[in-house]
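Novice: I'd like to ask some things about the structure below.
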Amino acid sequence: MQRYDRLKEILRLDPDKDFLAIYRLTATYEFPWDFTRALELALFRTYAVPSIGGLLAETTEFTERPQKRYDDTALLLDAVVEHGFDHDTARTAIRRVNQMHRSYDISDDDMRYVLCTFVVIPSRWIDAYGWRPLTHHERRACANYYATLGRHLGIKDVPGSYEEFESTLDAYEEAHFGWDEGGRAVADATLGLMASWYPSPLAPAVRGASLALLDEPLLKAFRYERPHPAVSRLVHGALRLRGRAVRLLPPRSAPHYARQNPEIKGYPHGYDVGELGTFPVPGAGGCPVPHPRRPAGADAQPPA
């Protein structure tokens, strides 16, 4: 197989009917490393919305158990990509996500924004640093994939196209990005987690490189100091150089899923998808106490 043969395969598929196959080929064959980094950045952006960052801080999951929270989030999302929406494993993963989300008072607007980051941020990352840019075909398939996931998660008014996902994300960030002490604490914990994946002497460099990837609105929301321009040039240049180097390599012969990432460290002996995530206790960690006349979960939709 030649370098662009898989792209030809992707372009033969229908982005409205075969969106899962296209997304899987793009994310696990063409750009697995880029999707991992971009989805990390996507989640990081959500902390800058005070209602999201503040709630995540209240749960203490990101500040006290960041590795587990990182692992569980990646593995639950990965289960759907690997197995497809109709598989029992994916249905279990979606059910777990719904159970966690419905334990808290999360607005549809915040849920929709998080979904938008999963569509838009990988596209922007790959256009900037990938070995080739994404095609409109792939962006359309990605939008359809996450629109389907959003419906399984019960999110209302899910955007219907990549362009709508992008405009929704940009408008929401402009309106809602802002300082929150909890959001900053979650951001700091995440930077610390990323630094922990490397030898300790490299921790300051990893943190500096991570900050160099944040745009001005994010830096302002978290009140982080702007990295030195030379550091930013070095980081962005290195990522673009990596993309050019990957272009010269032979295409991947097998899919690479998030569960295979070295950053997933919490389950060396395997895991049960049904046991991933948290099991919130009403009244603890930001989980509200249900109304006595309305049992917890009474408004939950049937499992996906």
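Ligands are numbered from 1 in the order shown, residues from 1 within each chain, and chains are lettered A, B, ... in the order they appear in the structure tokens.
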Quick one: residues within 10 Å of A:Pro250, only C-alpha atoms counted, chain neighbours fewer than 5 positions away excluded, as a list in words?
Specialist: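 These residues fall inside the cut-off: Met1, Gln2, Arg3 and Tyr4 of chain A.
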Novice: Please produce a file of the residues just selected, as a compact mmCIF listing (two decimals), in the first residue's frame, where the atoms kept are N, CA, C and O atoms.
Specialist:
```txt
# COMPACT_ATOMS: atom_id res chain seq x y z
N MET A 1 0.84 -1.20 0.00
CA MET A 1 0.00 0.00 0.00
C MET A 1 0.87 1.25 0.00
O MET A 1 1.84 1.35 0.75
N GLN A 2 0.52 2.21 -0.85
CA GLN A 2 1.24 3.46 -0.94
C GLN A 2 0.64 4.50 0.02
O GLN A 2 -0.44 4.31 0.57
N ARG A 3 1.37 5.60 0.19
CA ARG A 3 1.03 6.57 1.22
C ARG A 3 -0.38 7.12 1.11
O ARG A 3 -1.07 7.34 2.11
N TYR A 4 -0.88 7.36 -0.10
CA TYR A 4 -2.17 7.98 -0.26
C TYR A 4 -3.28 6.99 -0.65
O TYR A 4 -4.40 7.41 -0.94
```
Novice: Mind listing the alpha helix (DSSP H) residues of stretch 76-135 of chain A, per DSSP on the backbone, as a PyMOL selection string?
Specialist: chain A and resi 76-83+88-101+108-129
Novice: Suppose you want the space between atom CA of A:Ile155 and atom CA of A:Arg184; what is it in Å?
Specialist: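 Between atom CA of A:Ile155 and atom CA of A:Arg184 the gap is 26.3 Å.
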Novice: Would you work out the distance separating atom CA of A:Thr278 from atom CA of A:Ala185, expressed in Å to one decimal?
Specialist: 19.5 Å
Novice: Residues near stretch 88-94 of chain A, anyone? I mean within 9 Å using only C-alpha atoms, not counting same-chain ones fewer than 4 positions away, as a list in words.
Specialist: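 Selected residues are Leu75, Leu76, Leu77, Asp78, Ala79, Val80, Val81, Glu82, His83, Gly84, Asn98, Gln99, Leu149, His152, Leu153, Val273, Gly274, Leu276, Pro303 and Ala304 of chain A.
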Novice: So the first atom is atom CA of A:Asp157 and the second is atom CA of A:Arg112; what is the distance between them in Å, to one decimal place?
Specialist: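 Atom CA of A:Arg112 lies at a distance of 8.0 Å from atom CA of A:Asp157.
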Novice: Ranking A:Ala187, A:Cys142, A:Leu169, A:Met100 by minimum distance to A:Leu25 and counting only C-alpha atoms, which one comes first?
Specialist: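 Comparing A:Ala187, A:Cys142, A:Leu169, A:Met100 against A:Leu25, the winner is A:Cys142.
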Novice: Using only C-alpha atoms, which residues sit within 8 Å of A:Gly130 once same-chain residues fewer than 4 positions away are excluded, as a tab-separated table (two decimals) with N, CA and C atoms, in the first residue's frame?
Specialist:
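This went into selection_3.tsv:
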```
chain	number	residue	atom	x	y	z
A	31	PHE	N	-4.16	9.29	11.25
A	31	PHE	CA	-3.70	10.31	12.21
A	31	PHE	C	-3.90	9.91	13.68
A	34	ASP	N	-2.05	12.33	16.10
A	34	ASP	CA	-2.61	13.67	16.03
A	34	ASP	C	-3.98	13.75	16.69
A	125	TRP	N	-6.12	21.00	14.34
A	125	TRP	CA	-4.79	20.48	14.66
A	125	TRP	C	-4.16	19.83	13.43
A	126	ILE	N	-4.90	18.96	12.76
A	126	ILE	CA	-4.35	18.23	11.62
A	126	ILE	C	-4.05	19.18	10.47
A	240	ARG	N	5.25	20.81	13.02
A	240	ARG	CA	5.13	20.81	11.56
A	240	ARG	C	6.20	19.92	10.93
A	243	GLY	N	5.12	16.36	11.09
A	243	GLY	CA	4.14	16.04	10.06
A	243	GLY	C	4.80	15.75	8.72
A	244	ARG	N	5.79	16.54	8.37
A	244	ARG	CA	6.49	16.30	7.10
A	244	ARG	C	7.25	14.98	7.14
```
Novice: Excluding A:Ala209 and residues on its chain fewer than 2 positions from it, collect all residues at most 9 Å away from it, counting only C-alpha atoms, and give them as an MDAnalysis selection string.
Specialist: chainID A and resid 204:207 211:213 227 231:232 234:235
Novice: Using N, CA, C and O atoms, can you write the selected residues to a file as a PDB file, in the first residue's frame?
Specialist:
```
ATOM      1  N   PRO A 204       9.512  20.632  33.324  1.00  0.00           N
ATOM      2  CA  PRO A 204       9.332  22.050  32.963  1.00  0.00           C
ATOM      3  C   PRO A 204       9.219  22.263  31.458  1.00  0.00           C
ATOM      4  O   PRO A 204       8.433  23.107  31.004  1.00  0.00           O
ATOM      5  N   ALA A 205       9.995  21.500  30.680  1.00  0.00           N
ATOM      6  CA  ALA A 205       9.942  21.643  29.225  1.00  0.00           C
ATOM      7  C   ALA A 205       8.592  21.182  28.681  1.00  0.00           C
ATOM      8  O   ALA A 205       8.030  21.806  27.764  1.00  0.00           O
ATOM      9  N   VAL A 206       8.076  20.086  29.230  1.00  0.00           N
ATOM     10  CA  VAL A 206       6.775  19.580  28.785  1.00  0.00           C
ATOM     11  C   VAL A 206       5.683  20.600  29.097  1.00  0.00           C
ATOM     12  O   VAL A 206       4.813  20.877  28.267  1.00  0.00           O
ATOM     13  N   ARG A 207       5.735  21.165  30.292  1.00  0.00           N
ATOM     14  CA  ARG A 207       4.739  22.172  30.655  1.00  0.00           C
ATOM     15  C   ARG A 207       4.847  23.394  29.746  1.00  0.00           C
ATOM     16  O   ARG A 207       3.833  23.911  29.269  1.00  0.00           O
ATOM     17  N   LEU A 211       1.955  24.789  27.161  1.00  0.00           N
ATOM     18  CA  LEU A 211       1.435  26.157  27.200  1.00  0.00           C
ATOM     19  C   LEU A 211       1.599  26.855  25.853  1.00  0.00           C
ATOM     20  O   LEU A 211       0.782  27.705  25.474  1.00  0.00           O
ATOM     21  N   ALA A 212       2.647  26.487  25.117  1.00  0.00           N
ATOM     22  CA  ALA A 212       2.879  27.107  23.811  1.00  0.00           C
ATOM     23  C   ALA A 212       1.802  26.738  22.799  1.00  0.00           C
ATOM     24  O   ALA A 212       1.654  27.407  21.773  1.00  0.00           O
ATOM     25  N   LEU A 213       1.051  25.673  23.081  1.00  0.00           N
ATOM     26  CA  LEU A 213      -0.013  25.241  22.174  1.00  0.00           C
ATOM     27  C   LEU A 213      -1.352  25.916  22.476  1.00  0.00           C
ATOM     28  O   LEU A 213      -2.311  25.739  21.736  1.00  0.00           O
ATOM     29  N   PRO A 227       3.871  32.220  26.765  1.00  0.00           N
ATOM     30  CA  PRO A 227       5.216  31.656  26.591  1.00  0.00           C
ATOM     31  C   PRO A 227       6.095  32.583  25.758  1.00  0.00           C
ATOM     32  O   PRO A 227       5.604  33.383  24.955  1.00  0.00           O
ATOM     33  N   VAL A 231      10.000  29.963  22.301  1.00  0.00           N
ATOM     34  CA  VAL A 231       9.477  28.653  22.687  1.00  0.00           C
ATOM     35  C   VAL A 231       8.300  28.276  21.790  1.00  0.00           C
ATOM     36  O   VAL A 231       8.201  27.134  21.311  1.00  0.00           O
ATOM     37  N   SER A 232       7.417  29.224  21.548  1.00  0.00           N
ATOM     38  CA  SER A 232       6.267  28.955  20.681  1.00  0.00           C
ATOM     39  C   SER A 232       6.720  28.582  19.275  1.00  0.00           C
ATOM     40  O   SER A 232       6.206  27.627  18.673  1.00  0.00           O
ATOM     41  N   LEU A 234       9.543  27.253  18.407  1.00  0.00           N
ATOM     42  CA  LEU A 234      10.185  25.943  18.460  1.00  0.00           C
ATOM     43  C   LEU A 234       9.149  24.821  18.499  1.00  0.00           C
ATOM     44  O   LEU A 234       9.265  23.831  17.765  1.00  0.00           O
ATOM     45  N   VAL A 235       8.134  24.970  19.341  1.00  0.00           N
ATOM     46  CA  VAL A 235       7.118  23.923  19.487  1.00  0.00           C
ATOM     47  C   VAL A 235       6.320  23.759  18.212  1.00  0.00           C
ATOM     48  O   VAL A 235       6.147  22.634  17.698  1.00  0.00           O
TER      49      VAL A 235
END
```
Novice: Excluding A:Ser123 and any residue of its chain fewer than 2 positions from it, enumerate the residues within 10 Å of it, using only C-alpha atoms, and give them as a ChimeraX atom specification.
Specialist: /A:34-35,38,117-121,125-128,130,133-135,138-139,142,162,166
Novice: Those residues with C-alpha atoms, as a PDB file, in the first residue's frame please?
Specialist:
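What follows is the written file result.pdb:
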```pdb
ATOM      1  CA  ASP A  34      -2.608  13.674  16.029  1.00  0.00           C
ATOM      2  CA  PHE A  35      -6.114  12.744  17.147  1.00  0.00           C
ATOM      3  CA  ALA A  38      -5.929  17.148  19.531  1.00  0.00           C
ATOM      4  CA  THR A 117     -14.539  20.520  20.514  1.00  0.00           C
ATOM      5  CA  PHE A 118     -14.263  16.849  19.500  1.00  0.00           C
ATOM      6  CA  VAL A 119     -15.187  17.778  15.926  1.00  0.00           C
ATOM      7  CA  VAL A 120     -13.393  21.078  15.400  1.00  0.00           C
ATOM      8  CA  ILE A 121     -10.130  20.867  17.366  1.00  0.00           C
ATOM      9  CA  TRP A 125      -4.791  20.479  14.659  1.00  0.00           C
ATOM     10  CA  ILE A 126      -4.352  18.232  11.622  1.00  0.00           C
ATOM     11  CA  ASP A 127      -4.591  21.144   9.201  1.00  0.00           C
ATOM     12  CA  ALA A 128      -1.769  22.807  11.156  1.00  0.00           C
ATOM     13  CA  GLY A 130      -0.718  16.702  10.182  1.00  0.00           C
ATOM     14  CA  PRO A 133      -4.740  18.297   5.758  1.00  0.00           C
ATOM     15  CA  LEU A 134      -8.130  16.731   6.331  1.00  0.00           C
ATOM     16  CA  THR A 135     -10.423  16.639   3.314  1.00  0.00           C
ATOM     17  CA  GLU A 138     -13.398  13.544   6.275  1.00  0.00           C
ATOM     18  CA  ARG A 139     -14.663  16.644   8.069  1.00  0.00           C
ATOM     19  CA  CYS A 142     -16.409  13.436  11.508  1.00  0.00           C
ATOM     20  CA  TYR A 162     -18.911  20.658  10.285  1.00  0.00           C
ATOM     21  CA  GLU A 166     -17.296  25.224  14.079  1.00  0.00           C
TER      22      GLU A 166
END
```
